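J.: Next comes work.cif, mmCIF, N, CA and C atoms:
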```
data_data
#
loop_
_atom_site.label_atom_id
_atom_site.label_comp_id
_atom_site.auth_asym_id
_atom_site.auth_seq_id
_atom_site.Cartn_x
_atom_site.Cartn_y
_atom_site.Cartn_z
N MET A 1 124.52 89.39 85.69
CA MET A 1 123.40 90.27 85.41
C MET A 1 123.33 91.32 86.52
N SER A 2 123.23 92.58 86.16
CA SER A 2 123.12 93.64 87.16
C SER A 2 121.68 93.80 87.61
N ALA A 3 121.50 94.33 88.82
CA ALA A 3 120.15 94.53 89.37
C ALA A 3 119.49 95.71 88.69
N THR A 4 118.19 95.59 88.46
CA THR A 4 117.38 96.68 87.92
C THR A 4 116.17 96.84 88.82
N ALA A 5 115.31 97.85 88.52
CA ALA A 5 114.09 98.03 89.30
C ALA A 5 113.22 96.79 89.20
N GLU A 6 113.24 96.14 88.04
CA GLU A 6 112.43 94.95 87.85
C GLU A 6 113.07 93.72 88.49
N GLN A 7 114.41 93.74 88.65
CA GLN A 7 115.13 92.62 89.23
C GLN A 7 116.08 93.15 90.30
N PRO A 8 115.54 93.45 91.50
CA PRO A 8 116.38 94.03 92.55
C PRO A 8 117.48 93.08 92.99
N ALA A 9 118.49 93.63 93.66
CA ALA A 9 119.64 92.86 94.10
C ALA A 9 119.31 91.99 95.31
N PHE A 10 118.14 92.11 95.87
CA PHE A 10 117.74 91.29 97.01
C PHE A 10 116.36 90.71 96.73
N ASP A 11 115.96 89.76 97.55
CA ASP A 11 114.71 89.06 97.36
C ASP A 11 113.55 89.82 98.01
N LEU A 12 112.63 90.35 97.20
CA LEU A 12 111.48 91.08 97.74
C LEU A 12 110.58 90.19 98.60
N ALA A 13 110.69 88.88 98.45
CA ALA A 13 109.87 87.95 99.23
C ALA A 13 110.48 87.62 100.59
N ASP A 14 111.65 88.19 100.89
CA ASP A 14 112.33 87.93 102.15
C ASP A 14 112.05 89.09 103.11
N PRO A 15 111.38 88.85 104.24
CA PRO A 15 111.09 89.95 105.17
C PRO A 15 112.35 90.63 105.70
N ALA A 16 113.48 89.95 105.68
CA ALA A 16 114.73 90.55 106.16
C ALA A 16 115.22 91.66 105.23
N ALA A 17 114.66 91.77 104.03
CA ALA A 17 115.07 92.80 103.07
C ALA A 17 114.50 94.17 103.43
N TYR A 18 113.61 94.24 104.42
CA TYR A 18 112.91 95.48 104.73
C TYR A 18 113.20 95.95 106.15
N SER A 19 113.34 97.26 106.31
CA SER A 19 113.43 97.84 107.65
C SER A 19 112.16 98.61 107.99
N PHE A 20 111.33 98.90 106.99
CA PHE A 20 110.06 99.61 107.21
C PHE A 20 108.91 98.63 107.01
N PHE A 21 107.97 98.62 107.96
CA PHE A 21 106.76 97.79 107.84
C PHE A 21 105.53 98.58 108.25
N GLN A 22 104.45 98.35 107.56
CA GLN A 22 103.13 98.89 107.87
C GLN A 22 102.21 97.70 108.12
N ARG A 23 101.43 97.76 109.17
CA ARG A 23 100.47 96.67 109.45
C ARG A 23 99.09 97.06 108.91
N GLU A 24 98.43 96.10 108.32
CA GLU A 24 97.07 96.30 107.81
C GLU A 24 96.25 95.04 108.08
N ASN A 25 94.97 95.23 108.33
CA ASN A 25 94.06 94.11 108.51
C ASN A 25 93.32 93.82 107.22
N VAL A 26 93.22 92.54 106.88
CA VAL A 26 92.42 92.12 105.74
C VAL A 26 90.96 92.18 106.14
N ARG A 27 90.15 92.75 105.28
CA ARG A 27 88.70 92.86 105.56
C ARG A 27 87.96 91.70 104.89
N PHE A 28 86.84 91.33 105.45
CA PHE A 28 86.02 90.28 104.83
C PHE A 28 85.64 90.67 103.41
N SER A 29 85.39 91.96 103.19
CA SER A 29 85.01 92.43 101.86
C SER A 29 86.15 92.33 100.84
N ASP A 30 87.37 92.02 101.30
CA ASP A 30 88.51 91.83 100.40
C ASP A 30 88.50 90.45 99.74
N THR A 31 87.60 89.57 100.18
CA THR A 31 87.60 88.20 99.66
C THR A 31 86.73 88.09 98.40
N ASP A 32 87.00 87.05 97.63
CA ASP A 32 86.22 86.80 96.42
C ASP A 32 85.34 85.56 96.60
N MET A 33 84.71 85.13 95.54
CA MET A 33 83.77 84.00 95.62
C MET A 33 84.46 82.70 96.00
N VAL A 34 85.75 82.60 95.79
CA VAL A 34 86.50 81.40 96.14
C VAL A 34 86.90 81.41 97.62
N GLY A 35 86.81 82.59 98.26
CA GLY A 35 87.11 82.71 99.67
C GLY A 35 88.50 83.23 99.99
N HIS A 36 89.30 83.50 98.97
CA HIS A 36 90.61 84.07 99.26
C HIS A 36 90.62 85.56 98.90
N VAL A 37 91.63 86.26 99.38
CA VAL A 37 91.72 87.70 99.15
C VAL A 37 91.91 87.96 97.66
N ASN A 38 91.05 88.81 97.14
CA ASN A 38 91.02 89.13 95.72
C ASN A 38 92.28 89.89 95.31
N ASN A 39 92.66 89.75 94.03
CA ASN A 39 93.87 90.42 93.56
C ASN A 39 93.78 91.94 93.68
N VAL A 40 92.59 92.52 93.57
CA VAL A 40 92.44 93.96 93.71
C VAL A 40 92.74 94.39 95.15
N ALA A 41 92.42 93.54 96.11
CA ALA A 41 92.73 93.86 97.51
C ALA A 41 94.24 93.90 97.72
N HIS A 42 95.00 93.07 97.00
CA HIS A 42 96.46 93.13 97.10
C HIS A 42 96.96 94.50 96.64
N VAL A 43 96.33 95.05 95.60
CA VAL A 43 96.70 96.39 95.12
C VAL A 43 96.47 97.41 96.23
N ALA A 44 95.36 97.30 96.95
CA ALA A 44 95.07 98.22 98.05
C ALA A 44 96.07 98.06 99.19
N LEU A 45 96.49 96.83 99.48
CA LEU A 45 97.49 96.60 100.52
C LEU A 45 98.83 97.21 100.12
N VAL A 46 99.22 97.03 98.85
CA VAL A 46 100.45 97.63 98.34
C VAL A 46 100.37 99.15 98.45
N GLU A 47 99.22 99.71 98.08
CA GLU A 47 99.03 101.16 98.17
C GLU A 47 99.20 101.64 99.61
N ALA A 48 98.60 100.93 100.56
CA ALA A 48 98.72 101.32 101.97
C ALA A 48 100.18 101.33 102.41
N GLY A 49 100.93 100.32 102.02
CA GLY A 49 102.35 100.26 102.37
C GLY A 49 103.16 101.34 101.69
N ARG A 50 102.87 101.57 100.41
CA ARG A 50 103.59 102.59 99.64
C ARG A 50 103.37 103.98 100.23
N LEU A 51 102.12 104.31 100.56
CA LEU A 51 101.82 105.63 101.12
C LEU A 51 102.43 105.81 102.50
N ALA A 52 102.30 104.80 103.36
CA ALA A 52 102.88 104.90 104.70
C ALA A 52 104.39 105.08 104.60
N PHE A 53 105.02 104.37 103.68
CA PHE A 53 106.47 104.48 103.49
C PHE A 53 106.85 105.89 103.02
N ALA A 54 106.12 106.43 102.04
CA ALA A 54 106.42 107.76 101.49
C ALA A 54 106.27 108.83 102.57
N PHE A 55 105.20 108.75 103.37
CA PHE A 55 105.00 109.73 104.43
C PHE A 55 106.09 109.61 105.50
N ASP A 56 106.48 108.38 105.82
CA ASP A 56 107.53 108.16 106.80
C ASP A 56 108.86 108.74 106.30
N ALA A 57 109.18 108.49 105.04
CA ALA A 57 110.44 109.01 104.47
C ALA A 57 110.44 110.53 104.48
N ALA A 58 109.31 111.13 104.12
CA ALA A 58 109.21 112.60 104.11
C ALA A 58 109.35 113.16 105.53
N GLU A 59 108.71 112.50 106.49
CA GLU A 59 108.79 112.97 107.89
C GLU A 59 110.23 112.89 108.39
N ARG A 60 110.92 111.77 108.09
CA ARG A 60 112.31 111.63 108.52
C ARG A 60 113.21 112.67 107.87
N ALA A 61 112.84 113.08 106.63
CA ALA A 61 113.64 114.08 105.92
C ALA A 61 113.28 115.50 106.34
N GLY A 62 112.18 115.65 107.08
CA GLY A 62 111.75 116.97 107.51
C GLY A 62 111.17 117.81 106.38
N VAL A 63 110.57 117.13 105.38
CA VAL A 63 109.97 117.84 104.26
C VAL A 63 108.53 117.38 104.08
N GLU A 64 107.73 118.21 103.44
CA GLU A 64 106.39 117.79 103.06
C GLU A 64 106.51 116.87 101.86
N THR A 65 105.59 115.92 101.75
CA THR A 65 105.67 114.98 100.63
C THR A 65 105.42 115.68 99.31
N GLY A 66 104.66 116.76 99.30
CA GLY A 66 104.33 117.40 98.04
C GLY A 66 103.46 116.47 97.21
N LEU A 67 103.41 116.73 95.96
CA LEU A 67 102.62 115.89 95.07
C LEU A 67 103.48 114.75 94.55
N VAL A 68 103.03 113.54 94.78
CA VAL A 68 103.72 112.36 94.28
C VAL A 68 102.66 111.48 93.65
N THR A 69 102.94 110.96 92.48
CA THR A 69 102.02 110.02 91.84
C THR A 69 102.81 108.79 91.45
N PHE A 70 102.13 107.69 91.20
CA PHE A 70 102.88 106.54 90.74
C PHE A 70 102.53 106.30 89.28
N VAL A 71 103.55 105.87 88.53
CA VAL A 71 103.40 105.71 87.09
C VAL A 71 103.56 104.27 86.63
N ARG A 72 104.00 103.41 87.56
CA ARG A 72 104.15 102.01 87.19
C ARG A 72 103.90 101.15 88.42
N LEU A 73 103.20 100.05 88.21
CA LEU A 73 102.88 99.13 89.29
C LEU A 73 102.99 97.70 88.74
N GLU A 74 103.86 96.93 89.36
CA GLU A 74 104.00 95.50 89.03
C GLU A 74 103.69 94.72 90.29
N ILE A 75 102.90 93.66 90.15
CA ILE A 75 102.59 92.81 91.31
C ILE A 75 102.79 91.35 90.92
N ASP A 76 103.47 90.61 91.78
CA ASP A 76 103.57 89.16 91.65
C ASP A 76 102.78 88.55 92.79
N PHE A 77 101.78 87.75 92.44
CA PHE A 77 100.96 87.06 93.44
C PHE A 77 101.66 85.74 93.74
N ARG A 78 102.10 85.58 94.99
CA ARG A 78 102.96 84.45 95.34
C ARG A 78 102.24 83.34 96.11
N ASP A 79 101.18 83.69 96.84
CA ASP A 79 100.48 82.69 97.64
C ASP A 79 99.10 83.22 97.99
N ASP A 80 98.18 82.32 98.32
CA ASP A 80 96.83 82.74 98.71
C ASP A 80 96.85 83.40 100.08
N LEU A 81 95.92 84.31 100.25
CA LEU A 81 95.72 85.00 101.52
C LEU A 81 94.25 84.90 101.85
N TYR A 82 93.92 84.63 103.11
CA TYR A 82 92.53 84.43 103.52
C TYR A 82 92.17 85.37 104.65
N TYR A 83 90.89 85.69 104.75
CA TYR A 83 90.34 86.44 105.87
C TYR A 83 90.10 85.47 107.01
N PRO A 84 90.33 85.83 108.25
CA PRO A 84 90.93 87.08 108.72
C PRO A 84 92.45 86.98 108.68
N ALA A 85 93.09 88.10 108.51
CA ALA A 85 94.55 88.15 108.54
C ALA A 85 95.00 89.56 108.87
N ALA A 86 96.09 89.65 109.60
CA ALA A 86 96.76 90.92 109.85
C ALA A 86 98.11 90.80 109.15
N VAL A 87 98.30 91.57 108.10
CA VAL A 87 99.51 91.45 107.30
C VAL A 87 100.50 92.56 107.64
N ARG A 88 101.77 92.28 107.35
CA ARG A 88 102.82 93.28 107.43
C ARG A 88 103.25 93.59 106.00
N ILE A 89 103.37 94.87 105.70
CA ILE A 89 103.75 95.30 104.37
C ILE A 89 105.12 95.96 104.48
N GLY A 90 106.13 95.31 103.91
CA GLY A 90 107.48 95.85 103.93
C GLY A 90 107.71 96.72 102.70
N ALA A 91 108.46 97.80 102.87
CA ALA A 91 108.77 98.69 101.75
C ALA A 91 110.20 99.19 101.87
N ARG A 92 110.84 99.36 100.72
CA ARG A 92 112.18 99.94 100.68
C ARG A 92 112.44 100.52 99.30
N VAL A 93 113.34 101.47 99.25
CA VAL A 93 113.69 102.11 97.98
C VAL A 93 114.64 101.21 97.20
N LEU A 94 114.33 101.05 95.93
CA LEU A 94 115.19 100.28 95.05
C LEU A 94 116.08 101.17 94.19
N ARG A 95 115.55 102.36 93.82
CA ARG A 95 116.29 103.26 92.93
C ARG A 95 115.82 104.68 93.16
N VAL A 96 116.73 105.64 93.05
CA VAL A 96 116.39 107.06 93.15
C VAL A 96 116.86 107.73 91.87
N GLY A 97 115.94 108.40 91.18
CA GLY A 97 116.27 109.12 89.96
C GLY A 97 116.19 110.61 90.20
N ASN A 98 116.09 111.38 89.12
CA ASN A 98 116.02 112.83 89.22
C ASN A 98 114.68 113.29 89.79
N SER A 99 113.59 112.81 89.21
CA SER A 99 112.26 113.19 89.69
C SER A 99 111.45 111.98 90.13
N SER A 100 112.02 110.80 90.04
CA SER A 100 111.28 109.59 90.39
C SER A 100 112.08 108.71 91.33
N PHE A 101 111.36 107.78 91.95
CA PHE A 101 112.02 106.77 92.76
C PHE A 101 111.21 105.49 92.68
N THR A 102 111.89 104.37 92.87
CA THR A 102 111.25 103.06 92.75
C THR A 102 111.24 102.40 94.12
N VAL A 103 110.08 101.88 94.50
CA VAL A 103 109.89 101.26 95.81
C VAL A 103 109.53 99.79 95.60
N GLY A 104 110.21 98.92 96.33
CA GLY A 104 109.88 97.50 96.35
C GLY A 104 109.04 97.22 97.58
N ILE A 105 108.03 96.36 97.41
CA ILE A 105 107.10 96.07 98.51
C ILE A 105 106.86 94.57 98.60
N GLY A 106 106.79 94.07 99.83
CA GLY A 106 106.41 92.69 100.09
C GLY A 106 105.27 92.66 101.09
N VAL A 107 104.25 91.85 100.81
CA VAL A 107 103.11 91.68 101.72
C VAL A 107 103.26 90.31 102.39
N PHE A 108 103.28 90.32 103.73
CA PHE A 108 103.57 89.11 104.49
C PHE A 108 102.45 88.76 105.46
N ASP A 109 102.08 87.49 105.44
CA ASP A 109 101.17 86.91 106.42
C ASP A 109 102.06 86.06 107.32
N GLY A 110 102.43 86.60 108.47
CA GLY A 110 103.50 85.97 109.27
C GLY A 110 104.80 86.18 108.50
N ASP A 111 105.57 85.12 108.31
CA ASP A 111 106.78 85.21 107.50
C ASP A 111 106.55 84.75 106.06
N ARG A 112 105.31 84.38 105.75
CA ARG A 112 104.96 83.89 104.41
C ARG A 112 104.64 85.07 103.50
N CYS A 113 105.37 85.19 102.40
CA CYS A 113 105.14 86.28 101.45
C CYS A 113 103.98 85.91 100.54
N VAL A 114 102.96 86.78 100.49
CA VAL A 114 101.80 86.50 99.64
C VAL A 114 101.81 87.31 98.35
N SER A 115 102.52 88.43 98.32
CA SER A 115 102.69 89.18 97.08
C SER A 115 103.88 90.12 97.21
N THR A 116 104.46 90.44 96.06
CA THR A 116 105.53 91.44 95.99
C THR A 116 105.17 92.43 94.91
N SER A 117 105.75 93.61 95.01
CA SER A 117 105.40 94.66 94.06
C SER A 117 106.58 95.60 93.84
N VAL A 118 106.66 96.14 92.64
CA VAL A 118 107.61 97.18 92.29
C VAL A 118 106.80 98.38 91.83
N ASN A 119 107.04 99.54 92.44
CA ASN A 119 106.27 100.76 92.17
C ASN A 119 107.21 101.89 91.80
N VAL A 120 106.92 102.58 90.71
CA VAL A 120 107.69 103.76 90.33
C VAL A 120 106.83 104.98 90.64
N LEU A 121 107.39 105.89 91.46
CA LEU A 121 106.69 107.10 91.86
C LEU A 121 107.41 108.31 91.30
N VAL A 122 106.64 109.36 90.96
CA VAL A 122 107.20 110.58 90.39
C VAL A 122 106.80 111.76 91.26
N HIS A 123 107.78 112.60 91.59
CA HIS A 123 107.52 113.84 92.32
C HIS A 123 107.01 114.86 91.33
N LEU A 124 105.93 115.57 91.69
CA LEU A 124 105.33 116.57 90.82
C LEU A 124 105.52 117.96 91.39
N GLY A 125 105.72 118.92 90.50
CA GLY A 125 105.79 120.32 90.90
C GLY A 125 104.40 120.90 91.05
N ASP A 126 104.33 122.18 91.37
CA ASP A 126 103.04 122.86 91.53
C ASP A 126 102.19 122.80 90.26
N ASP A 127 102.85 122.66 89.11
CA ASP A 127 102.13 122.58 87.83
C ASP A 127 101.70 121.15 87.49
N ARG A 128 101.92 120.23 88.45
CA ARG A 128 101.57 118.81 88.29
C ARG A 128 102.36 118.12 87.18
N ARG A 129 103.54 118.62 86.91
CA ARG A 129 104.47 118.02 85.96
C ARG A 129 105.65 117.45 86.75
N PRO A 130 106.34 116.44 86.21
CA PRO A 130 107.51 115.91 86.92
C PRO A 130 108.49 117.02 87.29
N ALA A 131 108.95 116.98 88.54
CA ALA A 131 109.89 117.98 89.05
C ALA A 131 110.97 117.26 89.85
N PRO A 132 112.17 117.82 89.89
CA PRO A 132 113.24 117.19 90.66
C PRO A 132 112.84 116.97 92.12
N LEU A 133 113.29 115.85 92.65
CA LEU A 133 113.05 115.56 94.07
C LEU A 133 113.75 116.61 94.91
N PRO A 134 113.11 117.11 95.98
CA PRO A 134 113.80 118.02 96.89
C PRO A 134 115.04 117.32 97.47
N ASP A 135 116.11 118.08 97.68
CA ASP A 135 117.37 117.50 98.15
C ASP A 135 117.21 116.68 99.42
N ALA A 136 116.44 117.20 100.39
CA ALA A 136 116.26 116.48 101.65
C ALA A 136 115.53 115.16 101.43
N MET A 137 114.54 115.16 100.54
CA MET A 137 113.80 113.93 100.23
C MET A 137 114.71 112.94 99.50
N ARG A 138 115.49 113.45 98.56
CA ARG A 138 116.42 112.59 97.82
C ARG A 138 117.40 111.92 98.79
N SER A 139 117.92 112.69 99.74
CA SER A 139 118.87 112.15 100.72
C SER A 139 118.22 111.06 101.56
N ALA A 140 116.99 111.31 102.02
CA ALA A 140 116.28 110.31 102.83
C ALA A 140 116.01 109.04 102.02
N LEU A 141 115.62 109.20 100.77
CA LEU A 141 115.36 108.04 99.91
C LEU A 141 116.65 107.27 99.64
N GLU A 142 117.72 107.99 99.41
CA GLU A 142 119.00 107.33 99.16
C GLU A 142 119.48 106.57 100.38
N ARG A 143 119.31 107.15 101.58
CA ARG A 143 119.67 106.44 102.81
C ARG A 143 118.84 105.17 102.94
N SER A 144 117.55 105.25 102.63
CA SER A 144 116.68 104.09 102.70
C SER A 144 117.12 103.03 101.69
N ARG A 145 117.50 103.46 100.51
CA ARG A 145 117.97 102.51 99.49
C ARG A 145 119.19 101.74 99.98
N LEU A 146 120.03 102.42 100.73
CA LEU A 146 121.25 101.80 101.26
C LEU A 146 121.01 101.07 102.57
N GLY A 147 119.76 101.07 103.06
CA GLY A 147 119.44 100.38 104.30
C GLY A 147 119.84 101.13 105.54
N GLN A 148 120.01 102.46 105.42
CA GLN A 148 120.39 103.28 106.56
C GLN A 148 119.16 103.99 107.11
N PRO A 149 119.16 104.35 108.40
CA PRO A 149 118.01 105.06 108.99
C PRO A 149 117.89 106.49 108.48
#
```
Just give me the structure as structure tokens.
T.:
Amino acid sequence: MSATAEQPAFDLADPAAYSFFQRENVRFSDTDMVGHVNNVAHVALVEAGRLAFAFDAAERAGVETGLVTFVRLEIDFRDDLYYPAAVRIGARVLRVGNSSFTVGIGVFDGDRCVSTSVNVLVHLGDDRRPAPLPDAMRSALERSRLGQP
């Protein structure tokens, strides 16, 4: 079976699969009535990692991020997370297309993976319609996909 965006060639739950990490603190308000971090808070953690990764990739490429939106979000909840916690959010490119790219994300409490996510993002032109990725951004994303700096 070949790898796809939904089934990457590496394990998203393995912290060794990532070279980029963003740290975030879990807030007490992220918890639910059961006392663990609510599933919506996982979405916010994934968003924080995705945005930090996109800005980092753009900075390394020497380009402005421009308008980028995400069109698909998949999350697998793997383990409970409790307040207080300082998590590491790993991100890496899984696929680069003409106007879109797919990012895999893992949320880690220590080395324990609490959720993984696959996100498809689309670069938008000034008219807010899908537009080809700028060459410098495409190159930076492709290097990230290959695990290169």
J.: Which residue out of A:Arg128, A:Ile75, A:Ala61, A:His123 has the minimum interatomic distance to Leu141 in chain A when all atoms listed in the file are used?
T.: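 Closest residue, counting all atoms listed in the file: A:Ala61.
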J.: Name the closest residue to Leu146 in chain A among the candidates A:Arg112, A:Arg129, A:Arg23, A:Arg92; distances are taken between atoms, counting only N, CA and C atoms.
T.: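 Between A:Arg112, A:Arg129, A:Arg23, A:Arg92, the residue approaching Leu146 in chain A most closely is A:Arg92.
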J.: What does the PyMOL selection byres ((chain A and resi 32-37) around 6.5) select in this file, as a PyMOL selection string?
T.: chain A and resi 29-31+38-42+80-83
J.: Identify all residues of range 7-92 of chain A in helix (DSSP H, G or I) (DSSP on the backbone) and supply them as a list in words.
T.: Pro15, Ala16, Ala17, Phe28, Ser29, Asp30, Asn39, Val40, Ala41, His42, Val43, Ala44, Leu45, Val46, Glu47, Ala48, Gly49, Arg50, Leu51, Ala52, Phe53, Ala54, Phe55, Asp56, Ala57, Ala58, Glu59, Arg60 and Ala61 of chain A
J.: A:Cys113, A:Leu67, A:Ala52, A:Leu124: which is nearest Pro15 in chain A, counting all atoms listed in the file?
T.: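 The closest residue to Pro15 in chain A is A:Cys113.
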J.: Given the file above and the PyMOL selection byres ((chain A and resi 68-74) around 8), which residues are selected, and can you give them as a ChimeraX atom specification?
T.: /A:65-67,75-77,116-125
J.: Please determine, counting only C-alpha atoms, which residue among A:Met137, A:Val93, A:Ala16, A:Ala86 has the shortest atom-to-atom distance to Arg50 in chain A.
T.: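 The shortest atom-to-atom distance to Arg50 in chain A comes from A:Val93.
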J.: At a cut-off of 5 Å around the point (105.8, 93.6, 97.0) (file coordinates), what residues fall inside when counting all atoms listed in the file? I'd like the answer as a PyMOL selection string.
T.: chain A and resi 104-107+115-117
J.: Rounded to one decimal, what separation in Å do you get between atom C of Leu133 in chain A and atom C of Gly49 in chain A?
T.: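 Computing it gives 19.8 Å between the two atoms.
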J.: Take the PyMOL selection byres ((chain A and resi 26) around 5), run it mentally on this structure, and tell me the resulting residues as number ranges by chain.
T.: A: 24-25, 27-28, 85-86
J.: Write the residues of the preceding selection, restricted to N, CA and C atoms, as a PDB file, keeping the file's coordinate frame.
T.:
```pdb
ATOM      1  N   GLU A  24      98.430  96.100 108.320  1.00  0.00           N
ATOM      2  CA  GLU A  24      97.070  96.300 107.810  1.00  0.00           C
ATOM      3  C   GLU A  24      96.250  95.040 108.080  1.00  0.00           C
ATOM      4  N   ASN A  25      94.970  95.230 108.330  1.00  0.00           N
ATOM      5  CA  ASN A  25      94.060  94.110 108.510  1.00  0.00           C
ATOM      6  C   ASN A  25      93.320  93.820 107.220  1.00  0.00           C
ATOM      7  N   ARG A  27      90.150  92.750 105.280  1.00  0.00           N
ATOM      8  CA  ARG A  27      88.700  92.860 105.560  1.00  0.00           C
ATOM      9  C   ARG A  27      87.960  91.700 104.890  1.00  0.00           C
ATOM     10  N   PHE A  28      86.840  91.330 105.450  1.00  0.00           N
ATOM     11  CA  PHE A  28      86.020  90.280 104.830  1.00  0.00           C
ATOM     12  C   PHE A  28      85.640  90.670 103.410  1.00  0.00           C
ATOM     13  N   ALA A  85      93.090  88.100 108.510  1.00  0.00           N
ATOM     14  CA  ALA A  85      94.550  88.150 108.540  1.00  0.00           C
ATOM     15  C   ALA A  85      95.000  89.560 108.870  1.00  0.00           C
ATOM     16  N   ALA A  86      96.090  89.650 109.600  1.00  0.00           N
ATOM     17  CA  ALA A  86      96.760  90.920 109.850  1.00  0.00           C
ATOM     18  C   ALA A  86      98.110  90.800 109.150  1.00  0.00           C
TER      19      ALA A  86
END
```
